[in-house]
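Peer 1: Got a structure for you, questions after.
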Amino acid sequence: MTATLVKGGLVLDASRGDDAPLAADVLIDGTRIAAVLPRGEVRGDMAAVDVLDATDKLVVPGFFNAHYHSHDIFLKGCFEPTPLELWVLDALPRSYPPRSLEEIRLRTLLGAVECVRAGITTIQDMVTLFPLDRERVDAVVAAYEEAGVRVVLGLQVADVPPLDTTPYWRETIPPDMRDLLNGHPLDPALRRDPLDVIEESYLAHHAPGKRVRWAIAPSSPERCSPPLLERLRTLSERYALPVYSHVYISKSEALNARQRFATRGGSLIEFLDHCGLLNERLSLAHGVWLDDREVRRLADAKVSVVLNPISNLKAKNGVAPIRPLYEAGVNLALGCDNGSCTDAQNMFQAMKMYCLLAAVSDPRPGPPAAGDALRAATVNGARTAGLAGELGAVAPGMRADLVLLDLADPAFVPLNHAARQLVYSECGRAVETVIVDGRVVMEKRQIKTIREPRLRDAVNEAMERFRSDAEAVMAKTSRLRPFLLEADRRTWAHDLGFGRYIGRQ
Ligand SMILES: [Zn+2]
């Protein structure tokens with residue numbers, strides 16, 4: 001075990017509820033923070049301690065990208081803003097032929113490097129593997145271990161076909177074109193019970209203190225049958241694992257809930273409660289189309305919501321009820337979501353939009369402020385990862401996940417207010433050094449765990465195959481677009497009694 005002294009920096013830790021930085025040295029012993037003391041006060045035998053000079057650096061807890069999918073990172077830059085239902089088939093792994101283990105390794109590494117470069121030390125990856133098997137899971141785990149980043153891995157599952165979850169698809173898509181929704185054919189011999197794979201993977205890789213951790217990941221309540229949700233709940237209880245799911249990204253999903261879950265008050269939240277999943281282990285991504293009553297239910301049940309402001313805008317979903325969620329006391333974390341639907345794994349974008357987008361529905365002065373955004377990206381994210389008390393703060397006993405930002409960057413000159421400049425001025429440019437579990441994974445902007453030029457070459461090589469497969473998928477799905485658009489038009493005509501777009505329902 002090595003000890004490292006992060007010396008001479010300004011420590012900004014919003015978990016204390018105060019966003020003023022402290023001039024402090026941070027002593028790391030092995031994987032944990034041993035002491036945080038006023039500058040120059042760390043004493044003892046320093047001969048065996050590595051010193052990391054943090055002069056003119058801002059030291060913050062590593063960020064949590066609390067909602068992410070590594071499976072489509074190769075699709076960044078492929079789409080303009082597009083309604084969710086028109087985009088999703090182009091990004092779904094099952095639309096594509098099964099990917100090679102090497103491609104899975106490369107895309108996982110690439111996403112991890114992008115995250116580290118943006119100060120993200122914990123990635124909460126709801127990855128869809130097609131087919132879901134141990135080889136592919138092992139490839140993802142190995143890549144994250146190679147990258148040296150912390151991950152909570154949720155192997156995403158669903159068993160209800162999209163024709164039954166998207167309003168008007170059954171009416172608008174001609175019967176002879178419906179097989180375009182089915183995805184790539186798969187040899188039945190390759191199909192395994194997804195829950196067996198999830199449990200085996202967990203048992204094979206789980207160990208206390210490991211950087212790779214696990215979550216249970218129903219894709220969304222409406223895309224999972226009650227028996228599947230029951231089995232997932234049992235797994236989450238058996239191993240005390242967090243549960244990650246999408247909810248109410250689009251108006252179409254809210255309308256589907258009103259129609260298909262009428263016996264549960266037309267509410268996916270009531271349905272989740274009925275399935276025994278509405279508790280503090282649950283984190284719901286998006287929540288754009290939650291109504292006021294559902295916001296209160298989530299607060300009462302201590303469910304977390306992971307906001308993804310950039311992907312919601314890219315998929316034309318409107319804006320989540322940020323201020324009502326905040327005022328109800330819901331634990332709010334932040335995510336960057338799909339590579340194809342945000343195009344950037346960047347918590348600075350997410351933090352800034354979290355603060356600014358509250359204006360869409362509420363002109364009053366007030367939260368969320370920069371300190372709230374920092375808490376969302378750190379300590380609140382730790383709660384969604386099942387790591388509350390372990391991560392998200394710079395304090396003795398916490399795991400040593402730290403980010404050093406260069407205060408000489410124009411974003412911080414002059415230094416008027418560290419938290420506000422981190423959230424409103426910084427874009428990721430000043431992230432210089434990243435420590436995960438006491439280990440330096442990026443130093444002076446150099447990734448230490450892998451060779452980035454080699455990764456870039458290998459990705460470019462893999463793209464030759466991937467690009468032609470992606471073009472074939474898009475040619476196929478483009479035939480469905482007029483019908484999907486017509487279904488969307490019919491959905492927009494419904495009045496749900498509230499709206500998430502300015503000036504319209
Ligand atoms: Zn997502």
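Each chain of the structure tokens is named A, B, ... in the order shown, its residues numbered from 1; ligands are numbered from 1 in display order.
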Using only C-alpha atoms, which protein or nucleic acid residues come within 7 Å of A:Tyr248? Drop anything in the same chain fewer than 3 positions from it, and give the result as JSON, numbers by chain.
Peer 2: {"A": [253, 254, 286, 287, 288, 289, 290]}
Peer 1: May I have the selected residues written with N, CA and C atoms, as a PDB file, in the first residue's frame?
Peer 2:
ATOM      1  N   GLU A 253     -44.238   7.749 -23.460  1.00  0.00           N
ATOM      2  CA  GLU A 253     -44.162   6.784 -22.348  1.00  0.00           C
ATOM      3  C   GLU A 253     -45.198   7.104 -21.268  1.00  0.00           C
ATOM      4  N   ALA A 254     -45.455   8.389 -21.058  1.00  0.00           N
ATOM      5  CA  ALA A 254     -46.479   8.762 -20.069  1.00  0.00           C
ATOM      6  C   ALA A 254     -47.870   8.373 -20.582  1.00  0.00           C
ATOM      7  N   HIS A 286     -34.239   9.966 -15.758  1.00  0.00           N
ATOM      8  CA  HIS A 286     -35.043  10.918 -16.539  1.00  0.00           C
ATOM      9  C   HIS A 286     -36.199  11.521 -15.740  1.00  0.00           C
ATOM     10  N   GLY A 287     -37.337  10.826 -15.684  1.00  0.00           N
ATOM     11  CA  GLY A 287     -38.495  11.369 -14.949  1.00  0.00           C
ATOM     12  C   GLY A 287     -39.029  12.664 -15.531  1.00  0.00           C
ATOM     13  N   VAL A 288     -38.871  12.852 -16.849  1.00  0.00           N
ATOM     14  CA  VAL A 288     -39.317  14.117 -17.461  1.00  0.00           C
ATOM     15  C   VAL A 288     -40.832  14.286 -17.306  1.00  0.00           C
ATOM     16  N   TRP A 289     -41.579  13.169 -17.511  1.00  0.00           N
ATOM     17  CA  TRP A 289     -43.044  13.265 -17.538  1.00  0.00           C
ATOM     18  C   TRP A 289     -43.689  12.744 -16.260  1.00  0.00           C
ATOM     19  N   LEU A 290     -42.976  12.858 -15.132  1.00  0.00           N
ATOM     20  CA  LEU A 290     -43.597  12.619 -13.823  1.00  0.00           C
ATOM     21  C   LEU A 290     -44.613  13.727 -13.562  1.00  0.00           C
TER      22      LEU A 290
END
Peer 1: Taking only C-alpha atoms and all ligand atoms into account, list the residues no farther than 9 Å from ligand 1, as a PyMOL selection string.
Peer 2: chain A and resi 67-69+126+219+245-246+249+285-286+308+311+335-338
Peer 1: Smallest atom-to-atom distance to A:Val436: which of A:Glu230, A:Asp179, A:Glu171, A:Glu145, using only C-alpha atoms?
Peer 2: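 Smallest distance to A:Val436 is found for A:Glu145.
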Peer 1: Quick one: everything within 9 Å of stretch 40-47 of chain A, counting only C-alpha atoms, minus sequence neighbours fewer than 5 positions away in the same chain. Send it as a list in words.
Peer 2: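 Here the qualifying residues turn out to be Leu5, Lys7, Gly8, Ala24, Asp25, Val26, Leu27 and Ala35 of chain A.
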Peer 1: Grab the atom CA of A:Val149 to atom CA of A:Arg192 distance for me, in Å with one decimal place.
Peer 2: 29.0 Å
Peer 1: With only C-alpha atoms as the atoms that count, which of A:Val160, A:Ile104, A:Val152, A:Leu485 lies nearest to A:Val137?
Peer 2: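 Answer, going by the shortest atom-to-atom distance: A:Ile104.
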Peer 1: Out of A:Ile173, A:Ala14, A:Leu313, A:Ile269, which residue has the shortest atom-to-atom distance to A:Arg293 when counting only C-alpha atoms?
Peer 2: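 Smallest separation from A:Arg293 among the options: A:Ile269.
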Peer 1: Write down as a ChimeraX atom specification the residues of stretch 37-158 of chain A whose backbone DSSP state falls under alpha helix (DSSP H).
Peer 2: /A:84-91,101-117,134-147
Peer 1: Just the selected residues (C-alpha atoms), exported as a PDB file, in the first residue's frame, please.
Peer 2:
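Output below, filename selection-v7.pdb:
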ATOM      1  CA  LEU A  84     -36.853   9.569 -28.868  1.00  0.00           C
ATOM      2  CA  GLU A  85     -39.090   7.086 -30.657  1.00  0.00           C
ATOM      3  CA  LEU A  86     -37.482   7.886 -34.021  1.00  0.00           C
ATOM      4  CA  TRP A  87     -33.917   7.635 -32.685  1.00  0.00           C
ATOM      5  CA  VAL A  88     -34.108   4.627 -30.411  1.00  0.00           C
ATOM      6  CA  LEU A  89     -34.132   1.815 -32.982  1.00  0.00           C
ATOM      7  CA  ASP A  90     -30.891   3.144 -34.499  1.00  0.00           C
ATOM      8  CA  ALA A  91     -29.134   2.884 -31.136  1.00  0.00           C
ATOM      9  CA  LEU A 101     -15.524  -9.257 -27.741  1.00  0.00           C
ATOM     10  CA  GLU A 102     -12.732  -6.981 -29.001  1.00  0.00           C
ATOM     11  CA  GLU A 103     -15.230  -4.328 -30.121  1.00  0.00           C
ATOM     12  CA  ILE A 104     -16.964  -4.515 -26.723  1.00  0.00           C
ATOM     13  CA  ARG A 105     -13.583  -4.041 -25.039  1.00  0.00           C
ATOM     14  CA  LEU A 106     -12.711  -1.056 -27.221  1.00  0.00           C
ATOM     15  CA  ARG A 107     -16.010   0.766 -26.820  1.00  0.00           C
ATOM     16  CA  THR A 108     -15.975   0.213 -23.049  1.00  0.00           C
ATOM     17  CA  LEU A 109     -12.428   1.574 -22.798  1.00  0.00           C
ATOM     18  CA  LEU A 110     -13.226   4.541 -25.038  1.00  0.00           C
ATOM     19  CA  GLY A 111     -16.222   5.551 -22.934  1.00  0.00           C
ATOM     20  CA  ALA A 112     -14.216   5.090 -19.738  1.00  0.00           C
ATOM     21  CA  VAL A 113     -11.393   7.318 -21.022  1.00  0.00           C
ATOM     22  CA  GLU A 114     -13.864  10.005 -22.070  1.00  0.00           C
ATOM     23  CA  CYS A 115     -15.401   9.901 -18.592  1.00  0.00           C
ATOM     24  CA  VAL A 116     -12.041  10.073 -16.788  1.00  0.00           C
ATOM     25  CA  ARG A 117     -11.017  13.059 -18.905  1.00  0.00           C
ATOM     26  CA  ARG A 134     -20.907 -14.453 -19.748  1.00  0.00           C
ATOM     27  CA  GLU A 135     -18.218 -13.863 -22.384  1.00  0.00           C
ATOM     28  CA  ARG A 136     -19.575 -10.423 -23.178  1.00  0.00           C
ATOM     29  CA  VAL A 137     -20.104  -9.497 -19.540  1.00  0.00           C
ATOM     30  CA  ASP A 138     -16.549 -10.605 -18.751  1.00  0.00           C
ATOM     31  CA  ALA A 139     -15.230  -8.432 -21.629  1.00  0.00           C
ATOM     32  CA  VAL A 140     -16.967  -5.364 -20.185  1.00  0.00           C
ATOM     33  CA  VAL A 141     -15.708  -6.064 -16.665  1.00  0.00           C
ATOM     34  CA  ALA A 142     -12.146  -6.629 -17.907  1.00  0.00           C
ATOM     35  CA  ALA A 143     -12.187  -3.362 -19.867  1.00  0.00           C
ATOM     36  CA  TYR A 144     -13.316  -1.352 -16.851  1.00  0.00           C
ATOM     37  CA  GLU A 145     -10.644  -3.011 -14.724  1.00  0.00           C
ATOM     38  CA  GLU A 146      -8.075  -2.141 -17.384  1.00  0.00           C
ATOM     39  CA  ALA A 147      -9.215   1.504 -17.481  1.00  0.00           C
TER      40      ALA A 147
END
Peer 1: Which neighbours of A:Val423 fall inside 6 Å, counting only C-alpha atoms, when residues of the same chain fewer than 3 positions from it are skipped, and could you give them as a PyMOL selection string?
Peer 2: chain A and resi 348+351-352+370+420
Peer 1: Kindly export the residues of the current selection with N, CA, C and O atoms, as a PDB file, in the first residue's frame.
Peer 2:
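Contents of result17.pdb, as written:
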ATOM      1  N   PHE A 348     -19.827  18.530 -16.587  1.00  0.00           N
ATOM      2  CA  PHE A 348     -19.908  19.993 -16.512  1.00  0.00           C
ATOM      3  C   PHE A 348     -21.118  20.490 -17.314  1.00  0.00           C
ATOM      4  O   PHE A 348     -21.828  21.395 -16.888  1.00  0.00           O
ATOM      5  N   MET A 351     -24.169  19.504 -15.167  1.00  0.00           N
ATOM      6  CA  MET A 351     -24.346  20.353 -13.974  1.00  0.00           C
ATOM      7  C   MET A 351     -24.894  21.723 -14.355  1.00  0.00           C
ATOM      8  O   MET A 351     -25.785  22.259 -13.697  1.00  0.00           O
ATOM      9  N   LYS A 352     -24.332  22.300 -15.408  1.00  0.00           N
ATOM     10  CA  LYS A 352     -24.769  23.641 -15.813  1.00  0.00           C
ATOM     11  C   LYS A 352     -26.235  23.617 -16.257  1.00  0.00           C
ATOM     12  O   LYS A 352     -27.032  24.462 -15.857  1.00  0.00           O
ATOM     13  N   ALA A 370     -25.174  26.355  -7.841  1.00  0.00           N
ATOM     14  CA  ALA A 370     -23.954  25.619  -8.204  1.00  0.00           C
ATOM     15  C   ALA A 370     -23.621  24.529  -7.176  1.00  0.00           C
ATOM     16  O   ALA A 370     -23.250  23.413  -7.540  1.00  0.00           O
ATOM     17  N   ARG A 420     -19.190  28.079  -8.380  1.00  0.00           N
ATOM     18  CA  ARG A 420     -19.919  28.611  -9.543  1.00  0.00           C
ATOM     19  C   ARG A 420     -19.071  28.501 -10.801  1.00  0.00           C
ATOM     20  O   ARG A 420     -19.583  28.165 -11.878  1.00  0.00           O
TER      21      ARG A 420
END
Peer 1: Leaving out A:Asn380 and any residue of its chain fewer than 2 positions from it, which residues lie within 12 Å of it when counting only C-alpha atoms, given as JSON, numbers by chain?
Peer 2: {"A": [14, 15, 61, 63, 64, 65, 66, 283, 303, 304, 305, 306, 307, 329, 330, 331, 332, 333, 334, 335, 371, 372, 373, 374, 375, 376, 377, 378, 382, 383, 384, 385, 386, 387, 388, 389, 390, 391, 392, 393]}
Peer 1: Calculate how many Å separate atom CA of A:Thr128 from atom CA of A:Gln156, rounding to one decimal.
Peer 2: 5.1 Å
